[in-house]
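**Q** Input protein19.cif, format and content: mmCIF, C-alpha atoms (C1' of nucleotides).
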data_start
loop_
_atom_site.label_atom_id
_atom_site.label_comp_id
_atom_site.auth_asym_id
_atom_site.auth_seq_id
_atom_site.Cartn_x
_atom_site.Cartn_y
_atom_site.Cartn_z
CA MET A 1 0.00 0.00 0.00
CA GLY A 2 3.02 2.28 0.43
CA THR A 3 4.00 4.17 3.51
CA HIS A 4 4.07 7.77 2.45
CA TYR A 5 2.26 9.17 5.41
CA PRO A 6 4.19 12.01 6.99
CA GLY A 7 3.38 11.41 10.64
CA THR A 8 5.11 11.00 13.96
CA ASP A 9 7.74 8.31 14.52
CA ASP A 10 5.20 6.13 16.28
CA GLU A 11 2.78 6.42 13.45
CA ILE A 12 5.41 5.59 10.88
CA ARG A 13 6.51 2.56 12.90
CA ALA A 14 2.93 1.37 13.17
CA LEU A 15 2.31 1.71 9.46
CA ASP A 16 5.60 -0.02 8.76
CA ALA A 17 4.65 -2.90 11.00
CA TYR A 18 1.32 -3.19 9.28
CA VAL A 19 2.88 -3.24 5.84
CA LYS A 20 5.35 -5.91 6.99
CA LEU A 21 2.53 -7.97 8.42
CA ALA A 22 0.46 -7.64 5.28
CA ARG A 23 3.39 -8.57 3.06
CA ALA A 24 4.32 -11.54 5.21
CA HIS A 25 0.82 -12.83 5.07
CA ALA A 26 0.59 -12.19 1.34
CA ALA A 27 3.87 -14.03 0.73
CA VAL A 28 2.83 -17.12 2.67
CA ASP A 29 -0.64 -17.03 1.22
CA ALA A 30 0.71 -16.82 -2.30
CA THR A 31 2.77 -19.96 -1.74
CA ILE A 32 -0.13 -21.78 -0.18
CA ASN A 33 -2.43 -20.68 -2.92
CA HIS A 34 -0.06 -21.91 -5.57
CA ASP A 35 0.15 -25.21 -3.79
CA LEU A 36 -3.61 -25.54 -3.50
CA ILE A 37 -4.35 -24.50 -7.04
CA GLU A 38 -2.56 -27.61 -8.21
CA ALA A 39 -5.21 -29.60 -6.34
CA GLY A 40 -7.91 -27.41 -7.86
CA LEU A 41 -8.86 -25.96 -4.48
CA THR A 42 -9.16 -22.48 -3.07
CA VAL A 43 -8.10 -21.69 0.48
CA SER A 44 -11.71 -21.61 1.66
CA GLN A 45 -12.53 -24.88 -0.07
CA PHE A 46 -9.48 -26.48 1.50
CA GLY A 47 -10.51 -25.13 4.88
CA VAL A 48 -13.91 -26.75 4.58
CA LEU A 49 -12.57 -30.12 3.50
CA GLU A 50 -9.84 -30.07 6.13
CA ALA A 51 -12.32 -29.25 8.86
CA ILE A 52 -14.82 -31.99 8.12
CA TRP A 53 -12.03 -34.44 7.43
CA HIS A 54 -10.79 -33.99 10.97
CA LEU A 55 -14.01 -33.26 12.79
CA GLY A 56 -16.59 -35.24 10.84
CA PRO A 57 -19.91 -33.93 9.52
CA LEU A 58 -20.65 -30.43 10.76
CA PRO A 59 -23.54 -27.97 10.69
CA GLN A 60 -22.96 -25.15 8.29
CA GLY A 61 -22.84 -22.50 10.98
CA ALA A 62 -20.12 -24.28 12.92
CA LEU A 63 -18.18 -24.67 9.70
CA ALA A 64 -18.43 -20.98 8.92
CA ARG A 65 -17.06 -20.03 12.33
CA LYS A 66 -14.33 -22.65 11.95
CA ILE A 67 -12.94 -21.18 8.73
CA LEU A 68 -13.68 -17.58 9.72
CA ARG A 69 -16.12 -16.81 6.96
CA SER A 70 -19.64 -15.44 6.88
CA ALA A 71 -22.60 -17.76 6.55
CA ALA A 72 -23.45 -16.14 3.23
CA ASN A 73 -20.01 -16.83 1.91
CA LEU A 74 -19.99 -20.40 3.06
CA THR A 75 -23.13 -21.06 1.05
CA THR A 76 -21.20 -20.10 -2.07
CA VAL A 77 -18.13 -22.11 -1.20
CA LEU A 78 -20.23 -25.18 -0.43
CA ASP A 79 -22.14 -24.75 -3.69
CA ASN A 80 -18.87 -24.98 -5.56
CA LEU A 81 -17.72 -28.01 -3.60
CA ALA A 82 -21.08 -29.74 -3.98
CA ARG A 83 -21.08 -29.15 -7.74
CA ARG A 84 -17.89 -31.22 -7.86
CA ASP A 85 -19.37 -33.86 -5.55
CA LEU A 86 -16.71 -33.32 -2.90
CA ILE A 87 -19.24 -32.66 -0.14
CA GLU A 88 -22.94 -33.27 0.35
CA ARG A 89 -25.56 -31.41 2.35
CA SER A 90 -28.48 -32.85 4.27
CA ARG A 91 -31.01 -31.42 6.67
CA ASP A 92 -30.66 -32.29 10.32
CA PRO A 93 -33.82 -34.26 11.16
CA ALA A 94 -33.66 -32.99 14.74
CA ASP A 95 -33.66 -29.33 13.64
CA ARG A 96 -34.69 -28.86 10.09
CA ARG A 97 -33.17 -25.40 9.86
CA VAL A 98 -29.71 -26.94 10.17
CA VAL A 99 -27.75 -28.23 7.19
CA ILE A 100 -25.19 -30.93 7.90
CA VAL A 101 -22.13 -30.95 5.64
CA ARG A 102 -20.28 -34.22 5.10
CA LEU A 103 -17.45 -35.44 2.90
CA THR A 104 -18.30 -37.65 -0.05
CA ASP A 105 -16.00 -40.50 -0.96
CA ALA A 106 -14.57 -38.33 -3.70
CA GLY A 107 -13.91 -35.56 -1.21
CA ARG A 108 -12.22 -37.95 1.18
CA ASP A 109 -10.08 -39.31 -1.64
CA LEU A 110 -9.00 -35.81 -2.59
CA ILE A 111 -8.25 -34.29 0.80
CA GLY A 112 -7.01 -37.32 2.72
CA PRO A 113 -3.79 -38.00 0.85
CA TYR A 114 -3.32 -34.32 0.19
CA LEU A 115 -2.99 -33.13 3.78
CA PRO A 116 0.54 -34.43 4.41
CA ARG A 117 1.74 -33.01 1.12
CA HIS A 118 0.20 -29.67 1.95
CA VAL A 119 2.14 -29.06 5.12
CA ARG A 120 5.57 -28.95 3.52
CA PRO A 121 4.96 -25.83 1.36
CA VAL A 122 3.50 -24.02 4.34
CA MET A 123 6.58 -24.77 6.40
CA HIS A 124 8.84 -23.72 3.59
CA ALA A 125 7.05 -20.42 3.09
CA LEU A 126 7.23 -19.70 6.79
CA SER A 127 10.85 -20.61 7.26
CA ALA A 128 11.82 -18.35 4.38
CA LEU A 129 10.05 -15.60 6.18
CA THR A 130 10.21 -15.63 9.94
CA PRO A 131 13.87 -14.56 10.14
CA GLY A 132 12.92 -11.24 8.57
CA GLN A 133 10.13 -10.86 11.06
CA MET B 1 -8.52 -22.69 9.29
CA GLY B 2 -7.96 -24.94 12.26
CA THR B 3 -4.82 -26.83 13.14
CA HIS B 4 -5.90 -30.40 13.30
CA TYR B 5 -3.02 -31.83 11.38
CA PRO B 6 -1.34 -34.65 13.27
CA GLY B 7 2.29 -34.11 12.27
CA THR B 8 5.69 -33.65 13.77
CA ASP B 9 6.41 -30.92 16.31
CA ASP B 10 8.03 -28.80 13.64
CA GLU B 11 5.04 -29.11 11.39
CA ILE B 12 2.65 -28.24 14.15
CA ARG B 13 4.73 -25.20 15.08
CA ALA B 14 4.79 -24.06 11.46
CA LEU B 15 1.04 -24.40 11.06
CA ASP B 16 0.53 -22.64 14.35
CA ALA B 17 2.69 -19.77 13.24
CA TYR B 18 0.77 -19.55 10.01
CA VAL B 19 -2.58 -19.50 11.74
CA LYS B 20 -1.32 -16.78 14.10
CA LEU B 21 -0.05 -14.76 11.18
CA ALA B 22 -3.31 -15.13 9.30
CA ARG B 23 -5.39 -14.20 12.32
CA ALA B 24 -3.22 -11.21 13.12
CA HIS B 25 -3.57 -9.94 9.62
CA ALA B 26 -7.29 -10.61 9.60
CA ALA B 27 -7.73 -8.76 12.88
CA VAL B 28 -5.88 -5.68 11.73
CA ASP B 29 -7.52 -5.77 8.35
CA ALA B 30 -10.95 -6.02 9.90
CA THR B 31 -10.31 -2.89 11.94
CA ILE B 32 -8.96 -1.03 8.97
CA ASN B 33 -11.83 -2.16 6.83
CA HIS B 34 -14.34 -0.99 9.35
CA ASP B 35 -12.61 2.34 9.48
CA LEU B 36 -12.54 2.71 5.71
CA ILE B 37 -16.12 1.63 5.16
CA GLU B 38 -17.21 4.73 7.01
CA ALA B 39 -15.54 6.73 4.28
CA GLY B 40 -17.16 4.53 1.66
CA LEU B 41 -13.83 3.15 0.51
CA THR B 42 -12.38 -0.32 0.15
CA VAL B 43 -8.77 -1.05 1.01
CA SER B 44 -7.77 -1.09 -2.64
CA GLN B 45 -9.58 2.13 -3.38
CA PHE B 46 -7.89 3.73 -0.40
CA GLY B 47 -4.54 2.46 -1.61
CA VAL B 48 -5.04 4.07 -5.00
CA LEU B 49 -6.10 7.42 -3.59
CA GLU B 50 -3.33 7.40 -1.01
CA ALA B 51 -0.72 6.64 -3.62
CA ILE B 52 -1.64 9.37 -6.07
CA TRP B 53 -2.23 11.80 -3.26
CA HIS B 54 1.37 11.41 -2.19
CA LEU B 55 3.05 10.71 -5.50
CA GLY B 56 0.92 12.66 -7.97
CA PRO B 57 -0.54 11.33 -11.22
CA LEU B 58 0.72 7.83 -12.00
CA PRO B 59 0.51 5.38 -14.88
CA GLN B 60 -1.82 2.53 -14.18
CA GLY B 61 0.93 -0.08 -14.20
CA ALA B 62 2.98 1.73 -11.57
CA LEU B 63 -0.13 2.07 -9.49
CA ALA B 64 -0.87 -1.64 -9.70
CA ARG B 65 2.62 -2.53 -8.49
CA LYS B 66 2.34 0.06 -5.75
CA ILE B 67 -0.77 -1.44 -4.21
CA LEU B 68 0.23 -5.04 -4.99
CA ARG B 69 -2.67 -5.84 -7.27
CA SER B 70 -2.88 -7.22 -10.77
CA ALA B 71 -3.37 -4.91 -13.73
CA ALA B 72 -6.72 -6.56 -14.45
CA ASN B 73 -7.88 -5.92 -10.95
CA LEU B 74 -6.77 -2.31 -10.97
CA THR B 75 -8.96 -1.69 -14.00
CA THR B 76 -11.97 -2.70 -11.93
CA VAL B 77 -10.96 -0.66 -8.90
CA LEU B 78 -10.35 2.41 -11.03
CA ASP B 79 -13.69 1.93 -12.78
CA ASN B 80 -15.40 2.13 -9.43
CA LEU B 81 -13.42 5.19 -8.38
CA ALA B 82 -14.00 6.92 -11.72
CA ARG B 83 -17.74 6.28 -11.52
CA ARG B 84 -17.73 8.34 -8.33
CA ASP B 85 -15.54 11.02 -9.94
CA LEU B 86 -12.77 10.53 -7.39
CA ILE B 87 -10.13 9.91 -10.07
CA GLU B 88 -9.83 10.54 -13.77
CA ARG B 89 -7.93 8.70 -16.48
CA SER B 90 -6.18 10.20 -19.49
CA ARG B 91 -3.88 8.80 -22.15
CA ASP B 92 -0.23 9.72 -21.99
CA PRO B 93 0.44 11.69 -25.18
CA ALA B 94 4.03 10.46 -25.21
CA ASP B 95 2.98 6.80 -25.14
CA ARG B 96 -0.61 6.30 -26.00
CA ARG B 97 -0.71 2.84 -24.46
CA VAL B 98 -0.28 4.37 -21.04
CA VAL B 99 -3.17 5.60 -18.92
CA ILE B 100 -2.38 8.29 -16.39
CA VAL B 101 -4.47 8.29 -13.23
CA ARG B 102 -4.97 11.55 -11.35
CA LEU B 103 -7.04 12.75 -8.43
CA THR B 104 -10.05 14.90 -9.12
CA ASP B 105 -10.90 17.75 -6.79
CA ALA B 106 -13.52 15.52 -5.22
CA GLY B 107 -10.94 12.79 -4.71
CA ARG B 108 -8.52 15.21 -3.12
CA ASP B 109 -11.25 16.53 -0.86
CA LEU B 110 -12.09 13.02 0.26
CA ILE B 111 -8.65 11.56 0.86
CA GLY B 112 -6.70 14.62 2.00
CA PRO B 113 -8.42 15.26 5.30
CA TYR B 114 -8.98 11.55 5.81
CA LEU B 115 -5.38 10.43 5.95
CA PRO B 116 -4.55 11.69 9.44
CA ARG B 117 -7.76 10.21 10.81
CA HIS B 118 -6.96 6.89 9.19
CA VAL B 119 -3.67 6.32 10.93
CA ARG B 120 -5.03 6.16 14.43
CA PRO B 121 -7.16 3.03 13.99
CA VAL B 122 -4.25 1.26 12.33
CA MET B 123 -2.03 2.01 15.29
CA HIS B 124 -4.69 0.94 17.71
CA ALA B 125 -5.24 -2.37 15.93
CA LEU B 126 -1.53 -3.05 15.89
CA SER B 127 -0.83 -2.13 19.47
CA ALA B 128 -3.60 -4.43 20.63
CA LEU B 129 -1.89 -7.16 18.73
CA THR B 130 1.89 -7.09 18.65
CA PRO B 131 2.36 -8.17 22.27
CA GLY B 132 0.82 -11.54 21.42
CA GLN B 133 3.18 -11.89 18.50
"C1'" DA C 1 9.88 1.03 -44.22
"C1'" DT C 2 8.34 -3.38 -42.34
"C1'" DC C 3 7.18 -6.97 -39.48
"C1'" DG C 4 7.62 -9.55 -35.18
"C1'" DA C 5 8.10 -9.24 -30.22
"C1'" DT C 6 6.98 -6.66 -26.28
"C1'" DT C 7 4.25 -3.73 -23.31
"C1'" DA C 8 -0.13 -1.26 -21.34
"C1'" DG C 9 -4.77 -1.94 -20.37
"C1'" DT C 10 -9.22 -4.12 -21.00
"C1'" DT C 11 -12.43 -7.94 -21.15
"C1'" DT C 12 -14.10 -12.30 -19.75
"C1'" DG C 13 -15.06 -16.02 -16.69
"C1'" DA C 14 -14.71 -18.02 -12.33
"C1'" DC C 15 -14.45 -17.64 -7.42
"C1'" DG C 16 -14.43 -15.21 -2.98
"C1'" DT C 17 -16.37 -11.93 0.31
"C1'" DC C 18 -19.61 -9.28 2.92
"C1'" DG C 19 -24.03 -7.04 4.64
"C1'" DA C 20 -28.82 -6.76 4.22
"C1'" DA C 21 -33.12 -8.69 3.29
"C1'" DC C 22 -35.65 -12.81 3.25
"C1'" DG C 23 -38.09 -17.60 3.98
"C1'" DA C 24 -38.27 -21.57 6.91
"C1'" DT C 25 -38.14 -23.49 11.30
"C1'" DT C 26 -37.95 -23.62 16.12
"C1'" DG C 27 -38.73 -22.40 20.91
"C1'" DG C 28 -40.70 -19.80 24.46
"C1'" DA C 29 -44.25 -16.62 26.59
"C1'" DG C 30 -48.73 -16.15 27.59
"C1'" DC D 1 -52.43 -23.77 21.56
"C1'" DT D 2 -50.90 -19.51 19.50
"C1'" DC D 3 -48.00 -16.19 18.14
"C1'" DC D 4 -43.71 -13.65 18.29
"C1'" DA D 5 -38.77 -13.47 18.58
"C1'" DA D 6 -34.64 -15.74 17.61
"C1'" DT D 7 -31.89 -18.82 14.69
"C1'" DC D 8 -30.20 -21.18 10.29
"C1'" DG D 9 -29.32 -20.89 5.87
"C1'" DT D 10 -30.13 -18.74 1.12
"C1'" DT D 11 -30.50 -14.96 -2.11
"C1'" DC D 12 -29.19 -10.55 -3.85
"C1'" DG D 13 -26.23 -6.78 -4.96
"C1'" DA D 14 -21.84 -4.87 -4.89
"C1'" DC D 15 -16.94 -5.19 -4.88
"C1'" DG D 16 -12.54 -7.58 -5.06
"C1'" DT D 17 -9.30 -10.80 -7.21
"C1'" DC D 18 -6.79 -13.43 -10.60
"C1'" DA D 19 -5.35 -15.83 -15.05
"C1'" DA D 20 -5.94 -15.98 -19.76
"C1'" DA D 21 -7.20 -14.13 -24.00
"C1'" DC D 22 -7.46 -10.01 -26.43
"C1'" DT D 23 -6.59 -5.02 -28.61
"C1'" DA D 24 -3.83 -1.09 -29.28
"C1'" DA D 25 0.49 0.94 -29.44
"C1'" DT D 26 5.45 0.96 -29.39
"C1'" DC D 27 10.09 -0.64 -30.21
"C1'" DG D 28 13.66 -2.99 -32.48
"C1'" DA D 29 15.88 -5.65 -35.87
"C1'" DT D 30 16.34 -6.32 -40.47
#
Mind turning this structure into structure tokens?
**A**
Amino acid sequence: MGTHYPGTDDEIRALDAYVKLARAHAAVDATINHDLIEAGLTVSQFGVLEAIWHLGPLPQGALARKILRSAANLTTVLDNLARRDLIERSRDPADRRVVIVRLTDAGRDLIGPYLPRHVRPVMHALSALTPGQ
Amino acid sequence: MGTHYPGTDDEIRALDAYVKLARAHAAVDATINHDLIEAGLTVSQFGVLEAIWHLGPLPQGALARKILRSAANLTTVLDNLARRDLIERSRDPADRRVVIVRLTDAGRDLIGPYLPRHVRPVMHALSALTPGQ
DNA sequence: ATCGATTAGTTTGACGTCGAACGATTGGAG
DNA sequence: CTCCAATCGTTCGACGTCAAACTAATCGAT
């Protein structure tokens, strides 16, 4: 974003820290993204699959909080996963407002073997970074 | 995203660090976003206005690199700013491929007085955060 | 002078993201 | 039992974001 604000030393330090933080996150995210794209997944999609892989079928609301997204957004992300038959949705019989999200076999096949492979790029991106921070 | 990966200590530490980084960035960004929304600006729009406020009229490409966005994306962001008459675009007579972006009077009126007010929330978000990091 | 390679921006298509408004369902107060 | 408020998820509208394909313009080598 550029730090051209002519403020006090404190202000300049704060902006600097923010820019560093943003860049660090962007750098790691870029690596992760690149890694995920090869599996045909976005970060949010991966988050969903990872969550239900480890925790089992979940209500949509819990899932949204888990991956830090809005309920509205999760609807979209799940639509895209469901279109590829990686997840399926079903009403909770006990409370018919609730939608339970579960992995399909195809989803399990995709995310299961992928998890171990995914960790390495994350570690690499971080190790290339944390010294500077 | 949740750290449920059952890996080595190193892997768990790396994922932890990543999650912390992501959350830190999200937290600061949320505060900044909230602050900007009151001015009716997105982060990218703010970045554009801030850049040309400090640096003067810029070619679109330079602007894209400055705010770390793709050229395609900048086209969209500038469209939205131009629709509100906050910036204007003109061809560079010396190289007619180049589009020069400049602030309008309305843009200057909006961003000029806003800059000092904008710094405070950033500092506040950061100071509430950096101890944990 | 010409033609191919390069560069600046735009368009297109796909996905993400949110807030606000909305329909369906549930649970509680009376 | 009835009705109203709260909750869950979807829809809608607006914006952001990128890669890839494209147009226009420029530059360079022949």
**Q** Please report the interatomic distance between atom CA of A:Ala71 and atom CA of A:Ile100 in Å with one decimal.
**A**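 Straight-line distance from atom CA of A:Ala71 to atom CA of A:Ile100 works out to 13.5 Å.
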**Q** Exactly which residues make up the result of the PyMOL selection byres ((chain D) within 8 of (chain A)) on this file, given as a ChimeraX atom specification?
**A** /D:8-10
**Q** I want to know what sits within 9 Å of B:Leu110, based on all atoms listed in the file, with residues of the same chain fewer than 5 positions away left out; could you give that as a PDB file with C-alpha atoms, in the frame of the given file?
**A**
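Output (selection31.pdb):
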ATOM      1  CA  ALA B  39     -15.540   6.730   4.280  1.00  0.00           C
ATOM      2  CA  LEU B  86     -12.770  10.530  -7.390  1.00  0.00           C
ATOM      3  CA  ASP B 105     -10.900  17.750  -6.790  1.00  0.00           C
TER       4      ASP B 105
END
**Q** Once the PyMOL selection byres ((chain C) within 10 of (chain B)) has been evaluated on this model, what residues remain selected, and can you format them as a PyMOL selection string?
**A** chain C and resi 7-11
**Q** Go ahead and write the residues just picked, C-alpha atoms (C1' of nucleotides), as a short mmCIF file (atom, residue, chain, number, x, y, z; two decimals), in the frame of the given file.
**A**
data_model
loop_
_atom_site.label_atom_id
_atom_site.label_comp_id
_atom_site.auth_asym_id
_atom_site.auth_seq_id
_atom_site.Cartn_x
_atom_site.Cartn_y
_atom_site.Cartn_z
"C1'" DT C 7 4.25 -3.73 -23.31
"C1'" DA C 8 -0.13 -1.26 -21.34
"C1'" DG C 9 -4.77 -1.94 -20.37
"C1'" DT C 10 -9.22 -4.12 -21.00
"C1'" DT C 11 -12.43 -7.94 -21.15
#
**Q** Could you expand the PyMOL selection byres ((chain A and resi 80) around 12) into the explicit residues it covers here, written as JSON, numbers by chain?
**A** {"A": [40, 41, 42, 44, 45, 46, 48, 73, 74, 75, 76, 77, 78, 79, 81, 82, 83, 84, 85, 86, 87, 88], "C": [14, 15, 16]}
**Q** Give me, please, the distance in Å between atom CA of A:Ile111 and atom CA of A:Leu49, quoted to one decimal.
**A** 6.6 Å
**Q** Please compute the atom C1' of C:DG13-atom CA of B:Arg69 distance, one decimal, in Å.
**A**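 If I compute the distance from atom C1' of C:DG13 to atom CA of B:Arg69, I get 18.6 Å.
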**Q** Between B:Ala94, B:Ile67, B:Val101, B:Ala62, which is the closest to chain A once you count all atoms listed in the file?
**A**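 Of B:Ala94, B:Ile67, B:Val101, B:Ala62, the one nearest chain A, counting all atoms listed in the file, is B:Ile67.
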**Q** From the set A:Val43, A:Leu58, A:Ser70, A:Thr31, which residue has the shortest atom-to-atom contact distance to chain B, counting only C-alpha atoms?
**A**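 Nearest candidate to chain B out of A:Val43, A:Leu58, A:Ser70, A:Thr31: A:Val43.
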**Q** Taking into account all atoms listed in the file, which residue in the set B:Gly107, B:Arg102, B:Asp92, B:Leu115 is nearest to chain A?
**A**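 Ranked by minimum distance to chain A, first place goes to B:Leu115.
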**Q** Have a look at B:Ile52, B:Leu68, B:Ile37, B:Ile32 and name the one nearest to chain A; count all atoms listed in the file.
**A** B:Leu68
**Q** Name the closest residue to chain A among the candidates B:Thr104, B:Ala51, B:Pro93, B:Asp35; distances are taken between atoms, counting all atoms listed in the file.
**A**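 Among B:Thr104, B:Ala51, B:Pro93, B:Asp35, it is B:Ala51 that comes nearest to chain A.
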**Q** Check the smallest atom-to-atom distance from each of A:Leu63, A:Arg89, A:Leu103, A:Arg108 to chain B using all atoms listed in the file, then report the winner.
**A**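 Nearest to chain B: A:Leu63.
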**Q** What's around C:DA21 at 12 Å? Count all atoms listed in the file, leave out sequence neighbours fewer than 5 positions away in its own chain, and write the answer as a list in words.
**A** DT10, DT11, DC12 and DG13 of chain D
**Q** Please list as a VMD selection string every residue within 12 Å of C:DC3, counting only C-alpha atoms (C1' of nucleotides) and excluding residues in the same chain fewer than 3 positions away.
**A** chain D and resid 27 to 30
**Q** Quick one: residues within 12 Å of C:DA29, all atoms listed in the file counted, chain neighbours fewer than 6 positions away excluded, as a PDB file with C-alpha atoms (C1' of nucleotides), keeping the file's coordinate frame?
**A**
ATOM      1  C1'  DC D   1     -52.430 -23.770  21.560  1.00  0.00           C
ATOM      2  C1'  DT D   2     -50.900 -19.510  19.500  1.00  0.00           C
ATOM      3  C1'  DC D   3     -48.000 -16.190  18.140  1.00  0.00           C
ATOM      4  C1'  DC D   4     -43.710 -13.650  18.290  1.00  0.00           C
ATOM      5  C1'  DA D   5     -38.770 -13.470  18.580  1.00  0.00           C
TER       6       DA D   5
END
